[in-house]
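Since the structure comes first, as structure tokens, the remarks are kept for the end.
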Amino acid sequence: MMSINILNFILYSTSKGPVTLRNLLEFIFILSFSIIISRIIILYLRRYFKNKVSKDVGETTIKFLYHGSLLIVFITILPLIGLDPSGLLLAGGITGIVLGFASQNIVGNLISGVFLMIEKPIKIGDQVEINKISGYVTDIRIISTFIRTFDGLLIRIPNQQVFTTNITNTVSYPVRRFDFTIKIRYSDDADAAIWFIQDLIDKEPFALSSPPPSVYVNELGENSVNLVVRIWAPISEWYVLKTRFLWAIKKVLEENNIEVPFPQREIYLHNVPEKKPIPEKQNLNQGEQI
Amino acid sequence: MYGNYDPPFSLEKEGISISVEKIDAQWIYKRTLGTDRVEKLILEEGKLIINPVKPLNTPKEITQNLLIEFEKILLLAAGARKTIFLTFPIEIGIFISDKGNKNHQLLEVLTLSRQKFTLYGSVSNGLVCKYWKSKIYSVAPSLNPLHEGLMELTVRNTTSDWVSISKVVFSASGMKLYYDSNVFMKARMDILSKNTAETGFELYHINGRLKSYPRKNQDTWKEALEVYIRKLDFVPPTFDMRLGL
């Protein structure tokens, strides 16, 4: 008895051979399976990116990955339905080269953006200095990074520039140090000045007890004894403390009669005895003799 | 000073002056501490509650961790379990509650304790903590409850070597204060290795008591109101001291 396998039913023939119902079902199954798997991966990626990158960047990356992976699967399984993707790949390759040359900068920025997301030297909200531009990072997108400067300007920096230049992130660590040089007179007691400054630091809550602050005589200057004050503060309080502490030191020193000296020069005056004027004639004769 | 007050009232202690007066139909809350003066307008009549709160709110809440440095280094034998008493800084929370005493609103937090912050760990991976230096007591000392609270700390060395401890760090999330005429807290520190430990707090019910503390006081203890009320409070969170003891 002849058995008819419906799955082997030939739908149509191509130059590569006949395409059966099985081939078509396999094509549909693999494509559907890929869509389901991609969507599951996308769900996980969306959760992963949720608090790590901005929504725009996260969504763009996810869409790029989703459509990119489906396109690869689609091209790979095209032979199942009798289509040869080599022509498509060749055309795509040529188009890619043309587009690549045309969009060199965009691709460079895009790749830099991806690497920035992986390396994470900066986060949204960080205080940074990139290429001599200082401010807060307001957004990190796939092509560019946005900075709000301290005076309220929005600056867009291409990611390639961000990635290849030096980045100074001032809020990366939980604490930060600031230094002052305090000049006092030679007639003032440097030990007393150090004690008053240390006492002031001790009373200041945001001047951290560890890492310990340091106050010491750093230099015997031309006009002053130079003290160095080094204080660590929590990163959130660093700027406020730095801006008010110098004046606080000045006030406490002045209250205790320790003052900042003005530049000084000691001038010694000598009485020079008057010389008798030499007669002009005699002088001339001497000149002639020479 | 701690307790509930029905306005109008005024009280003065240790340089803190607090009053609630009725002017026309409004209540005015006034507080003075040194040169610092605060005035607030209260439109509804309510009860004023003064109680100790976690020492993490003043001068600004920048951390949720408290580091207590010991005045002397503590050495503990392998497998030993000891109970010691420490002091911790106190902050005074002033709340207003409605007539039914159900909803509380924080008016302000002030402190008479020394305020200082420190870094636990290194500059690159450390943690900013509120700082306090304490003596180690073997019996509960008598303290000024407006300045210092009493912590009963059970230290357990789970290692097979002697360990030396110079500090203990706590996360505020599990911190629970109790008070009567004094302020109490009970905590534990499990030493896991020479450089690591786990710390946490032990929760009481209102009628709970501190071991080694005079039992006659236990009935008068009250659970302090918190500045921020946590919703999930079943398991007291712990703190992992991984950056040194």
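Every chain in the structure tokens has a letter given in the order shown (A, B, ...), and although residue numbers restart at 1 in each chain, ligands are simply numbered from 1 in the order shown.
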Report task. Using only C-alpha atoms, determine which residues of chain A fall within 6 Å of chain B; present them as a PyMOL selection string. Result -> chain A and resi 173+205-206+208-210
Query - Residues near B:Ile42, cut-off 8 Å, only C-alpha atoms, skip fewer than 6 positions along chain, as a VMD selection string - result: chain B and resid 26 to 29
Resulting file, chosen residues, N, CA and C atoms, as a CSV table (one decimal), in the first residue's frame:
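The resulting file, part_4.csv, is reproduced below:
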chain,number,residue,atom,x,y,z
B,26,GLN,N,-4.6,80.1,65.8
B,26,GLN,CA,-3.4,79.3,65.4
B,26,GLN,C,-2.5,78.9,66.5
B,27,TRP,N,-1.9,77.9,66.3
B,27,TRP,CA,-0.9,77.4,67.3
B,27,TRP,C,0.5,77.7,66.7
B,28,ILE,N,1.4,78.3,67.6
B,28,ILE,CA,2.7,78.6,67.1
B,28,ILE,C,3.7,77.7,67.9
B,29,TYR,N,4.5,77.0,67.1
B,29,TYR,CA,5.6,76.1,67.7
B,29,TYR,C,6.9,76.9,67.7
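Checking B:Ala172, B:Ala78, B:Ala140, B:Leu112 one by one against B:Leu192, counting only C-alpha atoms, you find the shortest gap at B:Ala78.
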Using only C-alpha atoms, find each residue of stretch 139-228 of chain A with at least one atom at most 9 Å away from an atom of stretch 260-275 of chain A; report its shortest atom-to-atom pair and that distance in Å (one decimal), sort the rows by chain and rising residue number, and return the result as JSON lines.
{"residue": "A:Ile182", "atom": "CA", "partner": "A:Val260", "partner_atom": "CA", "distance": 7.7}
{"residue": "A:Lys183", "atom": "CA", "partner": "A:Val260", "partner_atom": "CA", "distance": 5.6}
{"residue": "A:Ile184", "atom": "CA", "partner": "A:Val260", "partner_atom": "CA", "distance": 4.8}
{"residue": "A:Arg185", "atom": "CA", "partner": "A:Pro261", "partner_atom": "CA", "distance": 5.2}
{"residue": "A:Tyr186", "atom": "CA", "partner": "A:Pro261", "partner_atom": "CA", "distance": 8.6}
{"residue": "A:Glu222", "atom": "CA", "partner": "A:Pro263", "partner_atom": "CA", "distance": 8.1}
{"residue": "A:Asn223", "atom": "CA", "partner": "A:Pro263", "partner_atom": "CA", "distance": 5.6}
{"residue": "A:Ser224", "atom": "CA", "partner": "A:Pro261", "partner_atom": "CA", "distance": 6.4}
Find the spatial neighbours of A:Asn218, counting only C-alpha atoms, within a cut-off of 8 Å - ignore same-chain residues fewer than 2 positions away - and output them as a PDB file with C-alpha atoms, in the first residue's frame.
ATOM      1  CA  TYR A 216      51.168  71.436  58.807  1.00  0.00           C
ATOM      2  CA  LEU A 220      58.861  79.189  55.037  1.00  0.00           C
ATOM      3  CA  VAL A 225      54.966  80.942  57.160  1.00  0.00           C
ATOM      4  CA  ASN A 226      52.789  78.850  54.845  1.00  0.00           C
ATOM      5  CA  LEU A 227      50.476  76.250  56.394  1.00  0.00           C
ATOM      6  CA  VAL A 228      48.732  73.592  54.342  1.00  0.00           C
TER       7      VAL A 228
END
Requested in this report: Rank B:Ile92, B:Leu74, B:Ile18, B:Leu153 by their smallest atom-to-atom distance to B:Lys40, using only C-alpha atoms, and report the top residue only.
Outcome: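 Closest to B:Lys40, using only C-alpha atoms: B:Ile18.
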Requested in this report: Check stretch 17-97 of chain A with DSSP on the backbone and list each residue it calls strand (DSSP E or B), as a list in words.
Outcome: Gly17, Pro18, Val19 and Thr20 of chain A
